[in-house]
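For reference, final_32.tsv is printed below; it contains TSV, C-alpha atoms.
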chain	number	residue	atom	x	y	z
X	202	MET	CA	-19.91	74.78	-50.15
X	203	ILE	CA	-22.88	73.27	-52.01
X	204	ALA	CA	-22.67	70.94	-55.01
X	205	THR	CA	-25.67	69.72	-57.00
X	206	VAL	CA	-24.73	66.72	-59.09
X	207	TYR	CA	-25.83	64.24	-61.71
X	208	GLY	CA	-24.07	60.90	-61.79
X	209	LYS	CA	-23.75	59.06	-65.09
X	210	LYS	CA	-25.28	55.59	-65.28
X	211	ASP	CA	-22.01	54.12	-66.55
X	212	VAL	CA	-19.58	53.31	-63.71
X	213	MET	CA	-16.52	54.43	-65.68
X	214	LYS	CA	-18.07	57.79	-66.61
X	215	ARG	CA	-19.29	58.30	-63.03
X	216	ARG	CA	-15.68	58.25	-61.78
X	217	GLU	CA	-15.25	61.71	-63.28
X	218	LEU	CA	-17.88	62.98	-60.84
X	219	TRP	CA	-16.03	61.58	-57.81
X	220	SER	CA	-12.77	63.05	-59.11
X	221	ASN	CA	-14.25	66.52	-59.64
X	222	LEU	CA	-15.86	66.54	-56.21
X	223	ASP	CA	-12.61	65.42	-54.59
X	224	GLU	CA	-10.85	68.40	-56.16
X	225	VAL	CA	-13.29	71.02	-54.85
X	226	SER	CA	-13.88	69.41	-51.46
X	227	ASN	CA	-12.44	71.29	-48.48
X	228	ARG	CA	-12.62	69.29	-45.26
X	229	LYS	CA	-12.29	72.49	-43.21
X	230	LEU	CA	-15.52	73.98	-44.60
X	231	PRO	CA	-19.17	72.89	-44.53
X	232	PHE	CA	-19.85	70.73	-47.59
X	233	ILE	CA	-23.27	69.70	-48.97
X	234	VAL	CA	-23.66	67.38	-51.96
X	235	GLY	CA	-27.05	66.52	-53.41
X	236	GLY	CA	-28.64	65.28	-56.60
X	237	ASP	CA	-29.23	62.20	-58.75
X	238	PHE	CA	-26.30	59.85	-58.16
X	239	ASN	CA	-27.68	57.00	-60.32
X	240	CYS	CA	-26.28	54.60	-57.73
X	241	ILE	CA	-27.57	52.90	-54.59
X	242	LEU	CA	-25.59	51.70	-51.59
X	243	SER	CA	-27.63	48.76	-50.26
X	244	GLN	CA	-30.59	46.48	-50.88
X	245	ASP	CA	-32.58	48.75	-48.55
X	246	ASP	CA	-32.42	51.44	-51.26
X	247	LYS	CA	-34.23	49.26	-53.79
X	248	ARG	CA	-37.47	47.36	-54.35
X	249	GLY	CA	-38.10	45.08	-57.31
X	250	GLY	CA	-35.81	44.06	-60.16
X	251	ARG	CA	-32.51	42.24	-59.71
X	252	LYS	CA	-31.12	41.68	-56.26
X	253	PHE	CA	-28.65	44.36	-55.19
X	254	ALA	CA	-24.95	43.54	-55.45
X	255	PHE	CA	-22.22	45.62	-53.81
X	256	SER	CA	-20.36	45.96	-57.08
X	257	GLN	CA	-17.71	48.42	-58.24
X	258	GLY	CA	-20.15	51.33	-58.59
X	259	PRO	CA	-21.50	51.27	-55.02
X	260	LYS	CA	-17.98	50.60	-53.65
X	261	GLU	CA	-16.58	53.71	-55.34
X	262	MET	CA	-19.48	55.83	-54.10
X	263	ALA	CA	-19.07	54.52	-50.54
X	264	ASP	CA	-15.31	55.21	-50.68
X	265	PHE	CA	-15.95	58.77	-51.87
X	266	LEU	CA	-18.36	59.40	-48.99
X	267	ASN	CA	-15.96	57.96	-46.41
X	268	VAL	CA	-12.94	59.90	-47.65
X	269	ASN	CA	-14.86	63.20	-47.67
X	270	ASP	CA	-16.64	62.60	-44.35
X	271	LEU	CA	-20.09	62.86	-45.98
X	272	HIS	CA	-23.18	61.52	-44.21
X	273	ASP	CA	-26.77	60.81	-45.20
X	274	VAL	CA	-29.05	62.96	-42.98
X	275	GLY	CA	-32.13	60.84	-43.67
X	276	PHE	CA	-35.37	61.99	-45.25
X	277	VAL	CA	-39.06	62.68	-44.81
X	278	GLY	CA	-41.54	61.38	-47.38
X	279	GLN	CA	-41.75	58.43	-49.73
X	280	LYS	CA	-38.76	56.12	-49.46
X	281	TYR	CA	-37.82	55.74	-53.12
X	282	THR	CA	-37.11	58.69	-55.40
X	283	TRP	CA	-37.10	56.92	-58.77
X	284	CYS	CA	-39.52	54.57	-60.51
X	285	ASN	CA	-39.31	52.88	-63.90
X	286	ASN	CA	-43.04	53.64	-64.38
X	287	LYS	CA	-43.94	50.00	-64.92
X	288	SER	CA	-46.48	47.94	-63.02
X	289	GLY	CA	-46.72	44.54	-61.40
X	290	GLY	CA	-43.58	42.40	-61.25
X	291	ASP	CA	-41.75	44.70	-63.67
X	292	ARG	CA	-41.96	47.70	-61.34
X	293	ILE	CA	-38.63	48.89	-59.89
X	294	LEU	CA	-38.20	51.55	-57.21
X	295	GLU	CA	-34.84	52.96	-56.09
X	296	ARG	CA	-33.49	55.76	-53.94
X	297	LEU	CA	-31.17	57.40	-56.46
X	298	ASP	CA	-31.58	61.01	-55.32
X	299	ARG	CA	-29.85	61.89	-52.06
X	300	CYS	CA	-28.30	64.66	-50.03
X	301	PHE	CA	-25.07	64.31	-48.03
X	302	LEU	CA	-23.51	66.67	-45.47
X	303	ASN	CA	-20.04	66.55	-43.96
X	304	SER	CA	-19.56	66.71	-40.19
X	305	ILE	CA	-18.86	70.45	-40.18
X	306	ALA	CA	-22.10	71.15	-42.05
X	307	ILE	CA	-24.06	68.87	-39.70
X	308	ASN	CA	-22.66	70.65	-36.64
X	309	LYS	CA	-23.61	74.05	-38.05
X	310	ILE	CA	-27.06	73.06	-39.35
X	311	ASN	CA	-27.82	69.91	-37.41
X	312	ASN	CA	-31.54	70.49	-37.93
X	313	ALA	CA	-31.36	69.83	-41.68
X	314	VAL	CA	-34.14	67.68	-43.11
X	315	VAL	CA	-34.38	66.27	-46.64
X	316	ARG	CA	-37.91	66.07	-48.05
X	317	HIS	CA	-38.87	63.73	-50.88
X	318	LEU	CA	-41.67	65.58	-52.70
X	319	ALA	CA	-44.40	64.04	-54.85
X	320	ARG	CA	-43.34	62.54	-58.18
X	321	VAL	CA	-45.49	64.15	-60.89
X	322	ALA	CA	-44.14	64.70	-64.41
X	323	SER	CA	-40.87	62.81	-64.07
X	324	ASP	CA	-39.68	59.35	-63.12
X	325	HIS	CA	-37.78	61.05	-60.27
X	326	CYS	CA	-39.30	62.86	-57.32
X	327	PRO	CA	-37.78	66.23	-56.37
X	328	ILE	CA	-35.77	66.43	-53.16
X	329	VAL	CA	-35.48	69.53	-51.00
X	330	LEU	CA	-32.96	70.19	-48.23
X	331	LYS	CA	-34.86	72.14	-45.59
X	332	ILE	CA	-33.09	73.98	-42.77
X	333	LEU	CA	-35.47	74.54	-39.88
X	334	ASP	CA	-35.46	77.40	-37.43
X	335	ASN	CA	-32.61	77.18	-34.90
X	336	GLN	CA	-35.25	77.08	-32.18
X	337	PHE	CA	-35.98	73.49	-33.20
X	338	GLN	CA	-32.50	72.02	-33.49
X	339	LYS	CA	-32.34	68.27	-33.16
X	340	VAL	CA	-29.44	66.38	-31.66
X	341	GLY	CA	-27.43	64.17	-33.96
X	342	ILE	CA	-28.52	62.55	-37.21
X	343	ILE	CA	-32.06	61.21	-37.42
X	344	LYS	CA	-32.93	58.48	-39.91
X	345	PHE	CA	-36.46	58.99	-41.22
X	346	GLU	CA	-37.95	55.81	-42.65
X	347	ASP	CA	-41.51	57.07	-43.05
X	348	VAL	CA	-43.76	59.86	-41.95
X	349	TRP	CA	-44.87	58.22	-38.70
X	350	ILE	CA	-41.31	57.65	-37.54
X	351	SER	CA	-40.54	61.22	-38.44
X	352	PHE	CA	-43.44	62.31	-36.24
X	353	LYS	CA	-41.99	60.45	-33.28
X	354	ALA	CA	-38.68	62.16	-33.84
X	355	SER	CA	-40.39	65.48	-33.27
X	356	SER	CA	-41.30	64.66	-29.66
X	357	LEU	CA	-38.30	66.49	-28.22
X	358	ILE	CA	-39.14	69.56	-30.26
X	359	ILE	CA	-42.75	69.57	-29.15
X	360	GLU	CA	-41.92	68.96	-25.49
X	361	ARG	CA	-39.32	71.74	-25.47
X	362	VAL	CA	-41.76	74.23	-26.98
X	363	TRP	CA	-44.57	73.20	-24.66
X	364	ARG	CA	-42.48	73.55	-21.52
X	365	LYS	CA	-40.81	76.76	-22.60
X	366	LYS	CA	-43.23	78.98	-20.68
X	367	GLN	CA	-46.43	78.77	-18.68
X	368	ILE	CA	-49.68	80.43	-19.71
X	369	SER	CA	-49.53	84.12	-18.80
X	370	ASP	CA	-52.14	86.89	-18.52
X	371	GLU	CA	-50.40	88.68	-21.39
X	372	GLU	CA	-50.69	85.62	-23.64
X	373	ILE	CA	-54.41	85.31	-22.90
X	374	LEU	CA	-54.97	89.01	-23.58
X	375	GLU	CA	-53.08	88.80	-26.89
X	376	VAL	CA	-55.33	85.94	-27.97
X	377	ILE	CA	-58.47	87.92	-27.11
X	378	LYS	CA	-57.18	90.99	-28.96
X	379	GLY	CA	-56.67	88.84	-32.05
X	380	LEU	CA	-60.24	87.51	-32.07
X	381	GLY	CA	-62.89	89.14	-34.26
X	382	LYS	CA	-65.58	91.63	-33.33
X	383	ASN	CA	-69.36	91.35	-33.47
X	384	LYS	CA	-69.27	87.56	-33.45
X	385	SER	CA	-72.42	85.75	-32.36
X	386	PRO	CA	-71.94	84.53	-28.79
X	387	GLY	CA	-72.29	80.97	-27.59
X	388	HIS	CA	-74.45	79.71	-24.73
X	389	ASP	CA	-72.60	81.96	-22.26
X	390	GLY	CA	-73.79	85.07	-24.12
X	391	ILE	CA	-70.35	86.71	-23.90
X	392	THR	CA	-68.90	88.36	-27.01
X	393	TYR	CA	-65.27	89.16	-27.75
X	394	SER	CA	-66.16	92.85	-27.91
X	395	PHE	CA	-67.44	92.57	-24.33
X	396	LEU	CA	-64.21	90.94	-23.15
X	397	LYS	CA	-62.06	93.58	-24.87
X	398	HIS	CA	-64.06	96.59	-23.71
X	399	TYR	CA	-64.43	95.49	-20.09
X	400	TRP	CA	-61.09	93.70	-19.74
X	401	ASN	CA	-60.02	95.88	-16.81
X	402	ILE	CA	-63.08	94.56	-14.93
X	403	VAL	CA	-63.38	90.92	-16.06
X	404	GLY	CA	-59.75	90.21	-17.03
X	405	ILE	CA	-58.62	88.87	-13.65
X	406	ASP	CA	-61.48	86.36	-13.42
X	407	VAL	CA	-61.14	85.29	-17.06
X	408	CYS	CA	-57.39	84.66	-16.71
X	409	LYS	CA	-57.93	82.80	-13.43
X	410	ALA	CA	-60.50	80.47	-15.03
X	411	ILE	CA	-58.32	79.78	-18.08
X	412	LYS	CA	-55.19	79.17	-15.99
X	413	GLU	CA	-57.16	76.79	-13.78
X	414	PHE	CA	-57.94	74.68	-16.85
X	415	PHE	CA	-54.28	74.49	-17.86
X	416	THR	CA	-53.29	73.59	-14.29
X	417	SER	CA	-56.00	71.02	-13.53
X	418	GLY	CA	-56.55	69.71	-17.05
X	419	ILE	CA	-60.31	69.70	-16.45
X	420	VAL	CA	-62.64	71.87	-18.52
X	421	SER	CA	-66.00	73.09	-17.29
X	422	ASN	CA	-68.83	71.18	-18.97
X	423	SER	CA	-70.56	74.47	-19.75
X	424	TRP	CA	-67.56	75.51	-21.85
X	425	LYS	CA	-68.25	72.63	-24.24
X	426	GLU	CA	-71.91	73.50	-24.73
X	427	THR	CA	-72.42	74.57	-28.35
X	428	LEU	CA	-75.45	76.21	-29.93
X	429	ILE	CA	-76.26	75.38	-33.56
X	430	VAL	CA	-78.03	77.78	-35.89
X	431	LEU	CA	-79.43	76.36	-39.14
X	432	ILE	CA	-79.02	78.68	-42.12
X	433	SER	CA	-81.05	77.79	-45.22
X	434	LYS	CA	-79.04	77.14	-48.39
X	435	ILE	CA	-82.10	77.40	-50.66
X	436	SER	CA	-85.38	79.28	-50.66
X	437	ASN	CA	-87.65	76.40	-49.62
X	438	PRO	CA	-85.63	73.88	-47.58
X	439	LEU	CA	-87.35	70.53	-47.03
X	440	SER	CA	-84.50	68.30	-45.79
X	441	PRO	CA	-81.58	68.59	-43.32
X	442	GLU	CA	-79.11	68.71	-46.22
X	443	ALA	CA	-80.67	72.00	-47.32
X	444	PHE	CA	-79.42	73.75	-44.17
X	445	ARG	CA	-75.94	74.94	-43.29
X	446	PRO	CA	-75.26	74.46	-39.55
X	447	ILE	CA	-73.37	77.28	-37.86
X	448	SER	CA	-71.80	76.40	-34.50
X	449	LEU	CA	-71.70	78.99	-31.74
X	450	CYS	CA	-69.04	77.89	-29.26
X	451	ASN	CA	-68.59	79.34	-25.79
X	452	SER	CA	-66.39	82.46	-26.02
X	453	ILE	CA	-64.16	81.54	-23.07
X	454	TYR	CA	-63.70	78.07	-24.55
X	455	LYS	CA	-62.59	79.62	-27.83
X	456	VAL	CA	-59.92	81.60	-25.99
X	457	VAL	CA	-58.64	78.38	-24.38
X	458	ALA	CA	-58.68	76.59	-27.74
X	459	LYS	CA	-56.84	79.48	-29.39
X	460	VAL	CA	-54.11	79.41	-26.73
X	461	LEU	CA	-53.66	75.67	-27.35
X	462	LEU	CA	-53.70	76.26	-31.10
X	463	ASN	CA	-50.93	78.87	-30.86
X	464	ARG	CA	-48.75	76.26	-29.12
X	465	LEU	CA	-49.71	73.63	-31.67
X	466	MET	CA	-49.00	75.88	-34.66
X	467	VAL	CA	-45.34	76.18	-33.67
X	468	VAL	CA	-44.78	72.56	-34.65
X	469	ILE	CA	-47.68	71.49	-36.86
X	470	PRO	CA	-46.04	72.68	-40.12
X	471	LYS	CA	-43.26	70.16	-39.36
X	472	LEU	CA	-45.80	67.34	-38.90
X	473	ILE	CA	-47.83	67.92	-42.06
X	474	PHE	CA	-46.43	67.40	-45.55
X	475	GLU	CA	-46.05	70.46	-47.73
X	476	GLU	CA	-48.59	68.92	-50.14
X	477	GLN	CA	-51.30	69.63	-47.52
X	478	VAL	CA	-52.24	73.27	-48.03
X	479	ALA	CA	-55.70	73.70	-46.48
X	480	PHE	CA	-55.68	75.95	-43.38
X	481	MET	CA	-51.87	76.19	-43.46
X	482	LYS	CA	-50.51	79.74	-43.40
X	483	GLY	CA	-48.29	80.57	-46.37
X	484	ARG	CA	-49.62	77.70	-48.51
X	485	SER	CA	-51.97	78.14	-51.46
X	486	ILE	CA	-54.61	75.59	-52.39
X	487	SER	CA	-54.58	76.94	-55.95
X	488	GLU	CA	-51.26	75.12	-56.44
X	489	HIS	CA	-53.15	71.83	-56.17
X	490	ILE	CA	-55.22	72.77	-59.20
X	491	LEU	CA	-52.04	72.94	-61.27
X	492	LEU	CA	-50.76	69.73	-59.67
X	493	ALA	CA	-53.99	67.90	-60.51
X	494	GLN	CA	-53.79	69.12	-64.10
X	495	GLU	CA	-50.21	67.84	-64.38
X	496	VAL	CA	-51.15	64.44	-62.97
X	497	ILE	CA	-54.14	64.02	-65.31
X	498	ASN	CA	-52.09	65.19	-68.28
X	499	LYS	CA	-49.35	62.70	-67.36
X	500	MET	CA	-51.92	59.90	-67.26
X	501	ARG	CA	-53.32	61.01	-70.62
X	502	ILE	CA	-50.01	61.07	-72.53
X	503	CYS	CA	-48.23	58.21	-70.75
X	504	LYS	CA	-47.64	55.23	-73.03
X	505	SER	CA	-47.87	52.66	-70.24
X	506	LYS	CA	-51.27	53.59	-68.80
X	507	GLU	CA	-51.92	50.20	-67.24
X	508	GLY	CA	-52.45	50.46	-63.50
X	509	MET	CA	-53.04	54.23	-63.49
X	510	VAL	CA	-56.24	55.39	-61.84
X	511	ALA	CA	-57.58	58.71	-60.55
X	512	ILE	CA	-60.00	58.78	-57.62
X	513	LYS	CA	-61.95	61.81	-56.51
X	514	ILE	CA	-62.78	61.53	-52.81
X	515	ASP	CA	-65.63	63.56	-51.35
X	516	MET	CA	-65.15	63.40	-47.58
X	517	GLU	CA	-68.76	64.27	-46.75
X	518	GLN	CA	-69.45	64.80	-43.05
X	519	ALA	CA	-65.77	64.13	-42.40
X	520	TYR	CA	-65.68	66.36	-39.33
X	521	ASP	CA	-68.57	64.46	-37.76
X	522	SER	CA	-67.18	60.99	-38.41
X	523	MET	CA	-63.65	61.46	-37.06
X	524	CYS	CA	-63.19	59.13	-34.09
X	525	TRP	CA	-61.74	60.59	-30.88
X	526	SER	CA	-59.61	57.50	-30.31
X	527	THR	CA	-58.03	58.18	-33.72
X	528	LEU	CA	-57.13	61.70	-32.58
X	529	GLU	CA	-55.57	60.34	-29.39
X	530	GLY	CA	-53.57	57.76	-31.34
X	531	VAL	CA	-52.29	60.35	-33.82
X	532	LEU	CA	-51.23	62.73	-31.05
X	533	ARG	CA	-49.34	59.94	-29.28
X	534	SER	CA	-47.71	58.75	-32.50
X	535	SER	CA	-46.68	62.33	-33.22
X	536	GLY	CA	-44.79	62.48	-29.92
X	537	PHE	CA	-46.83	65.13	-28.12
X	538	PRO	CA	-46.36	65.27	-24.33
X	539	GLU	CA	-48.98	63.49	-22.24
X	540	LYS	CA	-50.15	66.73	-20.61
X	541	PHE	CA	-50.76	68.38	-23.98
X	542	ILE	CA	-52.70	65.33	-25.22
X	543	ARG	CA	-54.93	65.40	-22.12
X	544	LEU	CA	-55.68	69.11	-22.61
X	545	ILE	CA	-56.57	68.62	-26.28
X	546	LEU	CA	-58.84	65.65	-25.57
X	547	GLU	CA	-60.51	67.48	-22.69
X	548	CYS	CA	-61.49	70.22	-25.14
X	549	ILE	CA	-62.66	67.90	-27.91
X	550	VAL	CA	-64.30	64.88	-26.27
X	551	GLU	CA	-68.00	64.75	-25.24
X	552	PRO	CA	-69.37	68.16	-26.21
X	553	ARG	CA	-73.09	68.98	-26.07
X	554	PHE	CA	-75.20	70.60	-28.77
X	555	SER	CA	-78.50	72.45	-28.76
X	556	ILE	CA	-80.22	73.56	-31.97
X	557	ILE	CA	-81.84	76.99	-32.01
X	558	ILE	CA	-85.30	76.60	-33.58
X	559	ASN	CA	-87.45	79.72	-33.90
X	560	GLY	CA	-85.45	81.34	-31.11
X	561	ASN	CA	-85.87	78.40	-28.73
X	562	LEU	CA	-83.27	75.83	-27.69
X	563	SER	CA	-83.80	72.15	-28.36
X	564	ASN	CA	-82.91	69.46	-25.84
X	565	TRP	CA	-79.18	68.91	-25.44
X	566	ILE	CA	-77.63	66.39	-27.84
X	567	GLU	CA	-74.57	64.49	-26.60
X	568	GLY	CA	-71.68	64.37	-29.08
X	569	LYS	CA	-70.19	60.92	-29.67
X	570	SER	CA	-67.53	61.60	-32.31
X	571	GLY	CA	-66.07	64.23	-34.60
X	572	PHE	CA	-64.86	67.81	-34.31
X	573	ARG	CA	-67.02	70.88	-33.78
X	574	GLN	CA	-67.39	73.45	-36.52
X	575	GLY	CA	-66.39	76.78	-35.03
X	576	CYS	CA	-63.73	75.40	-32.69
X	577	PRO	CA	-60.34	76.95	-33.59
X	578	LEU	CA	-58.61	73.59	-33.06
X	579	SER	CA	-60.87	71.56	-35.36
X	580	PRO	CA	-59.38	72.29	-38.83
X	581	PHE	CA	-55.81	71.58	-37.75
X	582	LEU	CA	-56.62	68.46	-35.72
X	583	PHE	CA	-58.64	67.19	-38.68
X	584	ILE	CA	-55.81	67.54	-41.21
X	585	LEU	CA	-53.40	66.04	-38.66
X	586	CYS	CA	-55.65	62.97	-38.37
X	587	SER	CA	-56.59	62.68	-42.02
Would you kindly transcribe this structure into structure tokens?
Amino acid sequence: MIATVYGKKDVMKRRELWSNLDEVSNRKLPFIVGGDFNCILSQDDKRGGRKFAFSQGPKEMADFLNVNDLHDVGFVGQKYTWCNNKSGGDRILERLDRCFLNSIAINKINNAVVRHLARVASDHCPIVLKILDNQFQKVGIIKFEDVWISFKASSLIIERVWRKKQISDEEILEVIKGLGKNKSPGHDGITYSFLKHYWNIVGIDVCKAIKEFFTSGIVSNSWKETLIVLISKISNPLSPEAFRPISLCNSIYKVVAKVLLNRLMVVIPKLIFEEQVAFMKGRSISEHILLAQEVINKMRICKSKEGMVAIKIDMEQAYDSMCWSTLEGVLRSSGFPEKFIRLILECIVEPRFSIIINGNLSNWIEGKSGFRQGCPLSPFLFILCS
């Protein structure tokens, strides 16, 4: 049973809500109640304004929850769901919108997560009850205070997925089959078409080399050697900015990175907010155009414009400037197993680059930071860090 509610601001009128819910509540069935309750239960649910008092309104709400065995399952996202749209000392934030489940509902869908979405055209932010795949069930009720704590809570999920099975020949072959054809090779000179066509000859050695990496955690230095081709953006380029660098990574390395990425993609949608759409399957960046229009329109028509500001950020050379220690810190904060972190860092840290100039290779350039263009892992590690 699911009930979406709106609680009146007046305590006396709100009693009708508790009465109606009591009538329809069945303690033998799963029961979910969510909406704008116009009431908070503690000082922790509020920032700014008068100090919270456990008055008649909060007492009646707490009694209703206790009688009907309803529990807060926590949340992911910004802490407060309502704002009075004022600034400075007059600004008040409260968590008025919530979702409660009874014990039967929690036992049946104990992986439920409530997301607080971005507040755009309203003084309330939307809330969404999300039921994850049963494969990722969590144990008990998890209280999410902010996104970093929620990342730590995912450690059991990540570890379970990672340890589910070892790398197999079939998994490696599936990755190779999914890679494109006629791609320019890296320094090893091997193309994906070559691997596919002669798999019955080279497959055993390729699988052995890749499995050795996952066992030892040490990648061959030659796998991280990357060739760079400079493609002119204009007819008469005179500066480095006029060229588009194309990275040609080692083909075997790309297979390794793709295997790691497939493991990572099982959990990364749970670690990245739904507002992040770039590179995420099933998400459309065009939605952000509409969102930006709504935000700007809100700023234009809002009567209390003081304190509102829009900033356009151009993250130029963002890939190159990302620090490897930042990546390591994010992976640890996200709860990834130590073995997985070591494998990721082994692939990313200390690559070498050589620029192809008139068909000749330049001296090798040692990488000191950033992610490589052309590496399958780079886009997803970048959005995880940023």
message: With distances taken over all atoms listed in the file, which residue among X:His325, X:Lys506, X:Arg299, X:Lys412 lies nearest Ile453 (chain X)?
response: X:Lys412
- prompt: Could you state the separation of CA of Asp246 (chain X) and CA of His317 (chain X) in Å, given to one decimal place?
  reply: 13.9 Å
message: Could you tell me how far CA of Gln574 (chain X) sits from CA of Ile435 (chain X), in Å to one decimal place?
response: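 Taking CA of Ile435 (chain X) and CA of Gln574 (chain X), their separation equals 20.8 Å.
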Go through region 428-523 of chain X residue by residue and, counting only C-alpha atoms, keep those with an atom at most 12 Å from region 413-418 of chain X; for each kept residue give the shortest atom pair and its distance in Å to one decimal, ordered by chain and increasing number, as CSV.
residue,atom,partner,partner_atom,distance
X:Ile453,CA,X:Phe414,CA,11.2
X:Tyr454,CA,X:Phe414,CA,10.2
X:Val456,CA,X:Phe414,CA,11.6
X:Val457,CA,X:Phe414,CA,8.4
X:Ala458,CA,X:Phe415,CA,11.0
X:Val460,CA,X:Phe415,CA,10.1
X:Leu461,CA,X:Phe415,CA,9.6
Emit the selected residues as a short mmCIF file (atom, residue, chain, number, x, y, z; two decimals), keeping the file's coordinate frame, including C-alpha atoms.
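The result, stored in again07.cif:
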data_model
loop_
_atom_site.label_atom_id
_atom_site.label_comp_id
_atom_site.auth_asym_id
_atom_site.auth_seq_id
_atom_site.Cartn_x
_atom_site.Cartn_y
_atom_site.Cartn_z
CA ILE X 453 -64.16 81.54 -23.07
CA TYR X 454 -63.70 78.07 -24.55
CA VAL X 456 -59.92 81.60 -25.99
CA VAL X 457 -58.64 78.38 -24.38
CA ALA X 458 -58.68 76.59 -27.74
CA VAL X 460 -54.11 79.41 -26.73
CA LEU X 461 -53.66 75.67 -27.35
#
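Rounded to one decimal, CA of Leu330 (chain X) and CA of Ala306 (chain X) lie 12.5 Å from each other.
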- prompt: Near Leu302 (chain X), counting only C-alpha atoms, which residues have an atom at most 6 Å away, once you skip same-chain residues fewer than 2 positions from it, shown as a ChimeraX atom specification?
  reply: /X:232-233,271-272,306
query: Restricting the calculation to all atoms listed in the file, which member of X:Ile432, X:Leu462, X:Val531, X:Ile411 is positioned closest to Asn559 (chain X)?
result: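 Result for the nearest residue to Asn559 (chain X): X:Ile432.
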message: Which residue is closest to Lys229 (chain X)? Choose from X:Val315, X:Cys326, X:Leu297, X:Ile305 and count all atoms listed in the file.
response: X:Ile305
message: Report as a list in words all protein, DNA and RNA residues lying within 12 Å of Lys499 (chain X), evaluated on only C-alpha atoms, omitting residues in the same chain fewer than 3 positions from it.
response: Asn286, Arg320, Val321, Ala322, Ser323, Asp324, Leu492, Ala493, Gln494, Glu495, Val496, Ile502, Cys503, Lys504, Ser505, Lys506, Met509, Val510 and Ala511 of chain X
Export of the given selection (C-alpha atoms) as a CSV table (one decimal), in the frame of the given file:
chain,number,residue,atom,x,y,z
X,286,ASN,CA,-43.0,53.6,-64.4
X,320,ARG,CA,-43.3,62.5,-58.2
X,321,VAL,CA,-45.5,64.2,-60.9
X,322,ALA,CA,-44.1,64.7,-64.4
X,323,SER,CA,-40.9,62.8,-64.1
X,324,ASP,CA,-39.7,59.4,-63.1
X,492,LEU,CA,-50.8,69.7,-59.7
X,493,ALA,CA,-54.0,67.9,-60.5
X,494,GLN,CA,-53.8,69.1,-64.1
X,495,GLU,CA,-50.2,67.8,-64.4
X,496,VAL,CA,-51.2,64.4,-63.0
X,502,ILE,CA,-50.0,61.1,-72.5
X,503,CYS,CA,-48.2,58.2,-70.8
X,504,LYS,CA,-47.6,55.2,-73.0
X,505,SER,CA,-47.9,52.7,-70.2
X,506,LYS,CA,-51.3,53.6,-68.8
X,509,MET,CA,-53.0,54.2,-63.5
X,510,VAL,CA,-56.2,55.4,-61.8
X,511,ALA,CA,-57.6,58.7,-60.6
Mind working out the centre and edge lengths of an axis-aligned box for region 257-272 of chain X, all listed atoms inside, 3 Å added to each side, rounded to one decimal in Å and written as JSON?
{"center_x": -18.1, "center_y": 55.8, "center_z": -51.4, "size_x": 16.2, "size_y": 20.8, "size_z": 20.4}
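Every protein or nucleic acid residue with an atom no more than 9 Å from region 211-216 of chain X, counting all atoms listed in the file and leaving out same-chain residues fewer than 5 positions away, appears here: Asn221, Phe238, Asn239, Gln257, Gly258, Glu261 and Met262 of chain X.
Residues with at least one atom no more than 9 Å from (-28.9, 50.9, -55.0), using all atoms listed in the file, are Asn239, Cys240, Ile241, Leu242, Ser243, Gln244, Asp245, Asp246, Lys247, Phe253, Ala254, Phe255, Pro259, Glu295, Arg296 and Leu297 of chain X.
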task: Using all atoms listed in the file, find the one residue out of X:Asn463, X:Ile497, X:Glu426, X:Thr282 that sits nearest to Trp565 (chain X).
output: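 The shortest atom-to-atom distance to Trp565 (chain X) comes from X:Glu426.
For the residues X:Asp291, X:Glu567, X:Glu551, X:Asp273, ranking by smallest atom-to-atom distance to Gly250 (chain X) using all atoms listed in the file places X:Asp291 first.
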Using all atoms listed in the file, which residues sit within 9 Å of Asp389 (chain X) once same-chain residues fewer than 5 positions away are excluded, as a PDB file with C-alpha atoms, keeping the file's coordinate frame?
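And here is the file that came out, out.pdb:
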ATOM      1  CA  SER X 423     -70.560  74.470 -19.750  1.00  0.00           C
ATOM      2  CA  TRP X 424     -67.560  75.510 -21.850  1.00  0.00           C
ATOM      3  CA  GLU X 426     -71.910  73.500 -24.730  1.00  0.00           C
ATOM      4  CA  CYS X 450     -69.040  77.890 -29.260  1.00  0.00           C
ATOM      5  CA  ASN X 451     -68.590  79.340 -25.790  1.00  0.00           C
ATOM      6  CA  SER X 452     -66.390  82.460 -26.020  1.00  0.00           C
ATOM      7  CA  ILE X 453     -64.160  81.540 -23.070  1.00  0.00           C
TER       8      ILE X 453
END
task: For Leu218 (chain X), list every protein, DNA or RNA residue within 9 Å, evaluated using only C-alpha atoms, and leave out those in the same chain fewer than 5 positions away; present the list as a PyMOL selection string.
output: chain X and resi 206-209+223
